[in-house]
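> So that we are looking at the same thing, I have put the structure below in structure tokens.
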Amino acid sequence: MACTRFTILMCGSTGAGKSTAGNIAGNIASGQPGAFKVGHGTDSETKRSEAIDFNIVGPGGIVYPCRLIDTIGFGDSELKPEKQFEGFSTFIDLAPGGLNVICYVQKWGRLKSDEQEAMHLVAEAFGAGQRTHTAVVITHCTKEDGFYEEEIKKSSAWSRVIDYFQGGRIYIDSQEHPEVARAKLHQLMLHIIQKNNSEKLSHAGFEEAVQYRLQKQQLINALPFDLRTGPQTILDELQQGKKSRSELEASIIQQQLVEARRQEQARNLKKACEDLQDQI
């Protein structure tokens, strides 16, 4: 095969084991020079995208040169959401030409709302084209794979995740069985590369999504303070992408009109009270 470097992106929530899985895939021990830093809390050790270059040896001894990129974890308690996304976006500098594989790393367990939002964010950011390029790497799995397959069928939240990312899924235990985890990761990565005929996912859709997200944030910032800070449906829909852009803009305009009318009514009421006091 031609000497092509395949590019793999690791992303996911802070604390899911993303950097550990990346070190295992890259065959480098955590803490060694060149390894990804591994965090142990709600603050991500990865503040900006980093890369490891390594080889996967496939069937027949074929060598696949790979670059694996570790990204900032979503949900970092030290960073605002827009800063997290900005940090995540730096992977583009390390992946000229696009991505072959996206591994979304998620810790096994009940999915929290912020974790589900992070998954939706990634799915939205890369667009529909990411589906066959993206797989789910589920960590902290100490039981047989069949157990998790059955549990996923019972969970609507996990079922949505599987629908977001159709490149496949694996269950790994990075702590107790790193060698097994490495074999599963390499097999998954090769499966996605071959499934897509070594074609890369372009950055064009992602860059467009970045601009769209910035525009959405500007729309959020333009909302009245009580709508930006309160549990308003429109804000949830805006952040989670439940409506189209035109529908969201129409909703915001409507909300702004309602707010303007409310303020005008308040001014009119105040003036009427002042006039009444003058008459008295």
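Identifiers in this document derive from the order of the structure tokens: chains are assigned A, B, ..., residues are numbered from 1 separately in each chain, and ligands are numbered from 1 in order of occurrence.
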Please build the interface table for stretch 58-126 of chain A against stretch 152-161 of chain A with a cut-off of 8 Å, listing for each qualifying residue the nearest atom pair and the distance in Å to one decimal; count only C-alpha atoms, order rows by chain and increasing number, and write it as JSON lines.


{"residue": "A:Leu111", "atom": "CA", "partner": "A:Ala157", "partner_atom": "CA", "distance": 6.8}
{"residue": "A:Gln116", "atom": "CA", "partner": "A:Ala157", "partner_atom": "CA", "distance": 7.6}
{"residue": "A:Met119", "atom": "CA", "partner": "A:Val161", "partner_atom": "CA", "distance": 7.2}

> Return the single residue from A:Glu259, A:Asp275, A:Glu150, A:Asp53 that is closest to A:Ile28, with distances computed using only C-alpha atoms.

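Going through A:Glu259, A:Asp275, A:Glu150, A:Asp53 one by one, the smallest distance to A:Ile28 is for A:Asp53.
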
> Excluding stretch 164-171 of chain A and any residue of its chain fewer than 4 positions from it, enumerate the residues within 6 Å of it, using only C-alpha atoms, and give them as a list in words.

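Those residues are Arg131, Thr132, His133, Thr134, Ala135, Val136, Val137, Ile138 and Cys141 of chain A.
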
> Tell me, as a PyMOL selection string, which residues lie within 10 Å of stretch 2-11 of chain A, counting only C-alpha atoms; anything in the same chain fewer than 5 positions away does not count.

chain A and resi 16-19+21-22+49+51-56+63-74+88+91+94-106+118-119+122+133-134+136-137+189-190+193+198-201

> Quick one: of A:Ile162, A:Asn196, A:His140, A:Arg261, who's nearest to A:Ala123, counting only C-alpha atoms?

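Distance minimum relative to A:Ala123 lands on A:Ile162.
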
> List every residue of stretch 81-153 of chain A that DSSP, applied to the backbone, labels as strand (DSSP E or B), and write the result as a VMD selection string.

chain A and resid 99 101 to 107 134 to 139

> Would you output that residue set with N, CA and C atoms, as a PDB file, in the first residue's frame?


ATOM      1  N   LEU A  99      -9.526  13.869   8.557  1.00  0.00           N
ATOM      2  CA  LEU A  99      -9.477  12.780   9.534  1.00  0.00           C
ATOM      3  C   LEU A  99      -9.961  11.468   8.918  1.00  0.00           C
ATOM      4  N   VAL A 101     -10.392   8.679  11.178  1.00  0.00           N
ATOM      5  CA  VAL A 101     -11.147   8.041  12.249  1.00  0.00           C
ATOM      6  C   VAL A 101     -11.382   9.052  13.373  1.00  0.00           C
ATOM      7  N   ILE A 102     -12.604   9.038  13.915  1.00  0.00           N
ATOM      8  CA  ILE A 102     -12.903   9.797  15.125  1.00  0.00           C
ATOM      9  C   ILE A 102     -13.348   8.800  16.183  1.00  0.00           C
ATOM     10  N   CYS A 103     -12.622   8.760  17.293  1.00  0.00           N
ATOM     11  CA  CYS A 103     -12.996   7.887  18.409  1.00  0.00           C
ATOM     12  C   CYS A 103     -13.598   8.749  19.509  1.00  0.00           C
ATOM     13  N   TYR A 104     -14.893   8.577  19.735  1.00  0.00           N
ATOM     14  CA  TYR A 104     -15.530   9.300  20.844  1.00  0.00           C
ATOM     15  C   TYR A 104     -15.446   8.406  22.075  1.00  0.00           C
ATOM     16  N   VAL A 105     -14.704   8.870  23.083  1.00  0.00           N
ATOM     17  CA  VAL A 105     -14.446   8.065  24.278  1.00  0.00           C
ATOM     18  C   VAL A 105     -15.424   8.460  25.380  1.00  0.00           C
ATOM     19  N   GLN A 106     -16.114   7.473  25.924  1.00  0.00           N
ATOM     20  CA  GLN A 106     -17.110   7.727  26.965  1.00  0.00           C
ATOM     21  C   GLN A 106     -17.012   6.658  28.046  1.00  0.00           C
ATOM     22  N   LYS A 107     -17.008   7.076  29.278  1.00  0.00           N
ATOM     23  CA  LYS A 107     -16.984   6.146  30.406  1.00  0.00           C
ATOM     24  C   LYS A 107     -18.338   5.451  30.531  1.00  0.00           C
ATOM     25  N   THR A 134     -16.853   7.702  12.643  1.00  0.00           N
ATOM     26  CA  THR A 134     -16.814   7.863  14.091  1.00  0.00           C
ATOM     27  C   THR A 134     -17.297   6.607  14.801  1.00  0.00           C
ATOM     28  N   ALA A 135     -16.529   6.210  15.816  1.00  0.00           N
ATOM     29  CA  ALA A 135     -16.883   5.058  16.637  1.00  0.00           C
ATOM     30  C   ALA A 135     -16.881   5.468  18.105  1.00  0.00           C
ATOM     31  N   VAL A 136     -17.534   4.671  18.922  1.00  0.00           N
ATOM     32  CA  VAL A 136     -17.591   4.930  20.365  1.00  0.00           C
ATOM     33  C   VAL A 136     -16.660   3.952  21.076  1.00  0.00           C
ATOM     34  N   VAL A 137     -15.754   4.513  21.879  1.00  0.00           N
ATOM     35  CA  VAL A 137     -14.868   3.709  22.716  1.00  0.00           C
ATOM     36  C   VAL A 137     -15.378   3.846  24.153  1.00  0.00           C
ATOM     37  N   ILE A 138     -15.944   2.782  24.665  1.00  0.00           N
ATOM     38  CA  ILE A 138     -16.551   2.818  25.996  1.00  0.00           C
ATOM     39  C   ILE A 138     -15.555   2.237  26.996  1.00  0.00           C
ATOM     40  N   THR A 139     -15.186   3.056  27.982  1.00  0.00           N
ATOM     41  CA  THR A 139     -14.129   2.680  28.922  1.00  0.00           C
ATOM     42  C   THR A 139     -14.693   2.217  30.264  1.00  0.00           C
TER      43      THR A 139
END

> What is the atom CA of A:Ile172 to atom CA of A:Leu185 distance in Å?

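Going from atom CA of A:Ile172 over to atom CA of A:Leu185, I get 8.6 Å.
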
> Quote the spacing between atom CA of A:Pro178 and atom CA of A:Ile24 in Å to one decimal place.

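According to the coordinates, atom CA of A:Pro178 and atom CA of A:Ile24 are separated by 6.6 Å.
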
> Find the distance between atom CA of A:Ser13 and atom CA of A:Glu115 and write it in Å to one decimal.

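Straight-line distance from atom CA of A:Ser13 to atom CA of A:Glu115 works out to 6.4 Å.
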